[in-house]
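J.: Handing you this structure, nothing more for now.
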Amino acid sequence: MILPSRVAVGKCQLCVRGGARRRDFYLDEATQIRMQSWASGRIALVGDAAYCCSPIGGQGSSVALIGAYTLAGELKLARYDGRVDYRQGCHAYETHVRRYVLAFQALAFDSVTNNSMITPDRFNGIVNSITLEDYS
Ligand SMILES: Cc1cc2nc3c(=O)[nH]c(=O)nc-3n(C[C@H](O)[C@H](O)[C@H](O)COP(=O)(O)OP(=O)(O)OC[C@H]3O[C@@H](n4cnc5c(N)ncnc54)[C@H](O)[C@@H]3O)c2cc1C
């Protein structure tokens, strides 16, 4: 059960009291990670650490894998003077993946704030909106 925060506050005590009596009760907050940049120097983040979408919209594992694949591929392409140009590689990674991540974050956010179901059309539209580069 996912509740908007204004409802959740009122229901929280009730849930915790009821849940404490059950062995299969799971309670956690659903959060998103939003960062201006996913890289600094030679350090780059992928997956939940950089852009957790929250389980509400799904696709967290897929987005993490797409990010890791793209970062590795762009670092492979980003060569300058026989060396890896980390800045260029990380910039290209963000350019390719950020729009996709933002779409999934908006999907989850809209679903909670509007208390509405995620429609297959919108979900599939985002899933199919990215084309992975062939870095081989
Ligand atoms: C309830 C729930 C349901 C979900 N359902 C789905 C789903 O159906 N489909 C989907 O695609 N995604 C789903 N997700 C999201 C998905 O699990 C995550 O988006 C995905 O696991 C992110 O991968 P990650 O490698 O970035 O992070 P993680 O999988 O969290 O991996 C991070 C790893 O780092 C380790 N770690 C942390 N701190 C340290 C440290 N200091 N030193 C060493 N290691 C450390 C952790 O133990 C962990 O193993 C769900 C998430 C939740 C919580």
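In the structure tokens, chains take the letters A, B, ... in the order shown, each chain's residues start at 1, and ligands count up from 1 in the order shown.
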Could you produce a table of the residues of chain A lying within 12 Å of ligand 1, with the nearest pair of atoms per residue and their separation in Å rounded to one decimal, using only C-alpha atoms and all ligand atoms, ordered by chain and increasing residue number, as JSON lines?
T.:
```
{"residue": "A:Met1", "atom": "CA", "partner": "ligand 1", "partner_atom_place_in_ligand_line": "1 (C)", "distance": 11.6}
{"residue": "A:Ile2", "atom": "CA", "partner": "ligand 1", "partner_atom_place_in_ligand_line": "1 (C)", "distance": 11.5}
{"residue": "A:Tyr26", "atom": "CA", "partner": "ligand 1", "partner_atom_place_in_ligand_line": "1 (C)", "distance": 8.7}
{"residue": "A:Leu27", "atom": "CA", "partner": "ligand 1", "partner_atom_place_in_ligand_line": "1 (C)", "distance": 9.3}
{"residue": "A:Asp28", "atom": "CA", "partner": "ligand 1", "partner_atom_place_in_ligand_line": "53 (C)", "distance": 8.1}
{"residue": "A:Glu29", "atom": "CA", "partner": "ligand 1", "partner_atom_place_in_ligand_line": "53 (C)", "distance": 9.0}
{"residue": "A:Ala30", "atom": "CA", "partner": "ligand 1", "partner_atom_place_in_ligand_line": "53 (C)", "distance": 7.9}
{"residue": "A:Thr31", "atom": "CA", "partner": "ligand 1", "partner_atom_place_in_ligand_line": "53 (C)", "distance": 9.6}
{"residue": "A:Gln32", "atom": "CA", "partner": "ligand 1", "partner_atom_place_in_ligand_line": "19 (O)", "distance": 10.2}
{"residue": "A:Ile33", "atom": "CA", "partner": "ligand 1", "partner_atom_place_in_ligand_line": "19 (O)", "distance": 10.8}
{"residue": "A:Leu45", "atom": "CA", "partner": "ligand 1", "partner_atom_place_in_ligand_line": "26 (O)", "distance": 8.7}
{"residue": "A:Val46", "atom": "CA", "partner": "ligand 1", "partner_atom_place_in_ligand_line": "26 (O)", "distance": 6.1}
{"residue": "A:Gly47", "atom": "CA", "partner": "ligand 1", "partner_atom_place_in_ligand_line": "26 (O)", "distance": 3.3}
{"residue": "A:Asp48", "atom": "CA", "partner": "ligand 1", "partner_atom_place_in_ligand_line": "26 (O)", "distance": 3.9}
{"residue": "A:Ala49", "atom": "CA", "partner": "ligand 1", "partner_atom_place_in_ligand_line": "26 (O)", "distance": 5.8}
{"residue": "A:Ala50", "atom": "CA", "partner": "ligand 1", "partner_atom_place_in_ligand_line": "26 (O)", "distance": 7.8}
{"residue": "A:Tyr51", "atom": "CA", "partner": "ligand 1", "partner_atom_place_in_ligand_line": "26 (O)", "distance": 8.4}
{"residue": "A:Cys52", "atom": "CA", "partner": "ligand 1", "partner_atom_place_in_ligand_line": "19 (O)", "distance": 6.1}
{"residue": "A:Cys53", "atom": "CA", "partner": "ligand 1", "partner_atom_place_in_ligand_line": "19 (O)", "distance": 7.1}
{"residue": "A:Ser54", "atom": "CA", "partner": "ligand 1", "partner_atom_place_in_ligand_line": "15 (C)", "distance": 6.5}
{"residue": "A:Pro55", "atom": "CA", "partner": "ligand 1", "partner_atom_place_in_ligand_line": "50 (C)", "distance": 4.5}
{"residue": "A:Ile56", "atom": "CA", "partner": "ligand 1", "partner_atom_place_in_ligand_line": "4 (C)", "distance": 8.0}
{"residue": "A:Gly57", "atom": "CA", "partner": "ligand 1", "partner_atom_place_in_ligand_line": "6 (C)", "distance": 8.6}
{"residue": "A:Gly58", "atom": "CA", "partner": "ligand 1", "partner_atom_place_in_ligand_line": "9 (N)", "distance": 4.8}
{"residue": "A:Gln59", "atom": "CA", "partner": "ligand 1", "partner_atom_place_in_ligand_line": "11 (O)", "distance": 3.4}
{"residue": "A:Gly60", "atom": "CA", "partner": "ligand 1", "partner_atom_place_in_ligand_line": "19 (O)", "distance": 3.1}
{"residue": "A:Ser61", "atom": "CA", "partner": "ligand 1", "partner_atom_place_in_ligand_line": "11 (O)", "distance": 3.7}
{"residue": "A:Ser62", "atom": "CA", "partner": "ligand 1", "partner_atom_place_in_ligand_line": "11 (O)", "distance": 5.1}
{"residue": "A:Val63", "atom": "CA", "partner": "ligand 1", "partner_atom_place_in_ligand_line": "11 (O)", "distance": 7.3}
{"residue": "A:Ala64", "atom": "CA", "partner": "ligand 1", "partner_atom_place_in_ligand_line": "26 (O)", "distance": 5.4}
{"residue": "A:Leu65", "atom": "CA", "partner": "ligand 1", "partner_atom_place_in_ligand_line": "23 (O)", "distance": 7.9}
{"residue": "A:Ile66", "atom": "CA", "partner": "ligand 1", "partner_atom_place_in_ligand_line": "26 (O)", "distance": 10.8}
{"residue": "A:Gly67", "atom": "CA", "partner": "ligand 1", "partner_atom_place_in_ligand_line": "26 (O)", "distance": 9.4}
{"residue": "A:Ala68", "atom": "CA", "partner": "ligand 1", "partner_atom_place_in_ligand_line": "26 (O)", "distance": 9.2}
{"residue": "A:Val101", "atom": "CA", "partner": "ligand 1", "partner_atom_place_in_ligand_line": "19 (O)", "distance": 11.4}
{"residue": "A:Phe104", "atom": "CA", "partner": "ligand 1", "partner_atom_place_in_ligand_line": "11 (O)", "distance": 11.2}
{"residue": "A:Gln105", "atom": "CA", "partner": "ligand 1", "partner_atom_place_in_ligand_line": "19 (O)", "distance": 11.7}
{"residue": "A:Val127", "atom": "CA", "partner": "ligand 1", "partner_atom_place_in_ligand_line": "11 (O)", "distance": 11.4}
```
J.: Report as a PyMOL selection string: the residues of range 41-96 of chain A with a DSSP assignment of alpha helix (DSSP H), based on the backbone of this structure.
T.: chain A and resi 48-51+60-77+86-96
J.: Restricting it to N, CA and C atoms, dump the selection as a tab-separated table (two decimals), in the first residue's frame.
T.:
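part-v1.tsv, written as the output of this step:
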```tsv
chain	number	residue	atom	x	y	z
A	48	ASP	N	21.20	3.58	-7.84
A	48	ASP	CA	20.46	4.29	-6.78
A	48	ASP	C	21.28	5.41	-6.14
A	49	ALA	N	22.58	5.23	-6.02
A	49	ALA	CA	23.41	6.25	-5.38
A	49	ALA	C	23.31	7.58	-6.13
A	50	ALA	N	23.13	7.53	-7.44
A	50	ALA	CA	23.08	8.75	-8.24
A	50	ALA	C	21.66	9.21	-8.50
A	51	TYR	N	20.76	8.24	-8.77
A	51	TYR	CA	19.43	8.65	-9.25
A	51	TYR	C	18.36	7.62	-8.91
A	60	GLY	N	14.28	0.48	-11.28
A	60	GLY	CA	15.52	0.93	-10.65
A	60	GLY	C	16.72	0.10	-11.09
A	61	SER	N	16.54	-1.23	-11.19
A	61	SER	CA	17.65	-2.10	-11.61
A	61	SER	C	18.01	-1.85	-13.07
A	62	SER	N	16.97	-1.69	-13.89
A	62	SER	CA	17.22	-1.46	-15.32
A	62	SER	C	17.96	-0.15	-15.54
A	63	VAL	N	17.51	0.88	-14.85
A	63	VAL	CA	18.15	2.19	-15.01
A	63	VAL	C	19.59	2.13	-14.51
A	64	ALA	N	19.82	1.38	-13.43
A	64	ALA	CA	21.18	1.24	-12.90
A	64	ALA	C	22.08	0.54	-13.93
A	65	LEU	N	21.55	-0.51	-14.56
A	65	LEU	CA	22.35	-1.25	-15.56
A	65	LEU	C	22.61	-0.40	-16.80
A	66	ILE	N	21.57	0.33	-17.24
A	66	ILE	CA	21.75	1.21	-18.41
A	66	ILE	C	22.80	2.27	-18.11
A	67	GLY	N	22.76	2.80	-16.89
A	67	GLY	CA	23.75	3.81	-16.50
A	67	GLY	C	25.16	3.23	-16.49
A	68	ALA	N	25.32	2.04	-15.91
A	68	ALA	CA	26.66	1.43	-15.83
A	68	ALA	C	27.18	1.10	-17.22
A	69	TYR	N	26.32	0.57	-18.07
A	69	TYR	CA	26.71	0.22	-19.45
A	69	TYR	C	27.13	1.48	-20.21
A	70	THR	N	26.33	2.54	-20.07
A	70	THR	CA	26.61	3.77	-20.81
A	70	THR	C	27.89	4.43	-20.29
A	71	LEU	N	28.06	4.46	-18.98
A	71	LEU	CA	29.28	5.06	-18.43
A	71	LEU	C	30.52	4.32	-18.94
A	72	ALA	N	30.48	2.98	-18.88
A	72	ALA	CA	31.63	2.19	-19.35
A	72	ALA	C	31.90	2.46	-20.83
A	73	GLY	N	30.82	2.50	-21.62
A	73	GLY	CA	30.97	2.70	-23.06
A	73	GLY	C	31.52	4.08	-23.40
A	74	GLU	N	31.01	5.09	-22.71
A	74	GLU	CA	31.44	6.46	-23.00
A	74	GLU	C	32.89	6.69	-22.54
A	75	LEU	N	33.28	6.02	-21.46
A	75	LEU	CA	34.69	6.14	-21.03
A	75	LEU	C	35.61	5.47	-22.06
A	76	LYS	N	35.10	4.40	-22.66
A	76	LYS	CA	35.88	3.73	-23.71
A	76	LYS	C	36.09	4.65	-24.91
A	77	LEU	N	35.03	5.41	-25.26
A	77	LEU	CA	35.11	6.30	-26.43
A	77	LEU	C	35.91	7.57	-26.15
A	86	TYR	N	38.25	11.50	-18.71
A	86	TYR	CA	37.17	11.17	-17.75
A	86	TYR	C	36.05	12.20	-17.79
A	87	ARG	N	36.44	13.47	-17.92
A	87	ARG	CA	35.43	14.52	-17.89
A	87	ARG	C	34.46	14.37	-19.06
A	88	GLN	N	35.04	14.15	-20.25
A	88	GLN	CA	34.22	13.98	-21.45
A	88	GLN	C	33.35	12.72	-21.34
A	89	GLY	N	33.95	11.62	-20.86
A	89	GLY	CA	33.20	10.36	-20.73
A	89	GLY	C	32.03	10.49	-19.77
A	90	CYS	N	32.27	11.13	-18.64
A	90	CYS	CA	31.20	11.29	-17.64
A	90	CYS	C	30.13	12.24	-18.14
A	91	HIS	N	30.55	13.28	-18.85
A	91	HIS	CA	29.58	14.25	-19.39
A	91	HIS	C	28.67	13.54	-20.40
A	92	ALA	N	29.26	12.72	-21.28
A	92	ALA	CA	28.46	12.01	-22.29
A	92	ALA	C	27.51	11.02	-21.63
A	93	TYR	N	27.98	10.35	-20.59
A	93	TYR	CA	27.12	9.41	-19.83
A	93	TYR	C	25.90	10.13	-19.28
A	94	GLU	N	26.12	11.28	-18.67
A	94	GLU	CA	24.98	12.03	-18.12
A	94	GLU	C	24.04	12.50	-19.21
A	95	THR	N	24.61	12.97	-20.31
A	95	THR	CA	23.79	13.48	-21.40
A	95	THR	C	22.86	12.38	-21.94
A	96	HIS	N	23.40	11.16	-22.07
A	96	HIS	CA	22.59	10.06	-22.62
A	96	HIS	C	21.51	9.58	-21.65
```
J.: So how far away is CA of Arg79 in chain A from CA of Ser40 in chain A, in Å?
T.: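 So the answer is 17.8 Å.
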J.: Nearest to Glu133 in chain A among A:Ala39, A:Ala108, A:Asp121, A:Val97, with distances taken over only C-alpha atoms: which residue is it?
T.: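 Closest candidate: A:Val97.
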J.: What is the distance between CA of Ala106 in chain A and CA of Ile43 in chain A, in Å to one decimal?
T.: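 Calculated distance between CA of Ala106 in chain A and CA of Ile43 in chain A is 26.3 Å.
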J.: From the set A:Met117, A:Leu102, A:Ala78, A:Ala20, which residue has the shortest atom-to-atom contact distance to Tyr135 in chain A, counting only C-alpha atoms?
T.: A:Ala78
J.: When you draw a straight line from CA of Thr131 in chain A to CA of Arg34 in chain A, how long is it in Å?
T.: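 Interatomic distance here is 22.7 Å.
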J.: Using only C-alpha atoms, can you tell me which of A:Lys11, A:Arg98, A:Arg22, A:Arg122 comes closest to Trp38 in chain A?
T.: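 Closest to Trp38 in chain A of all the choices is A:Arg98.
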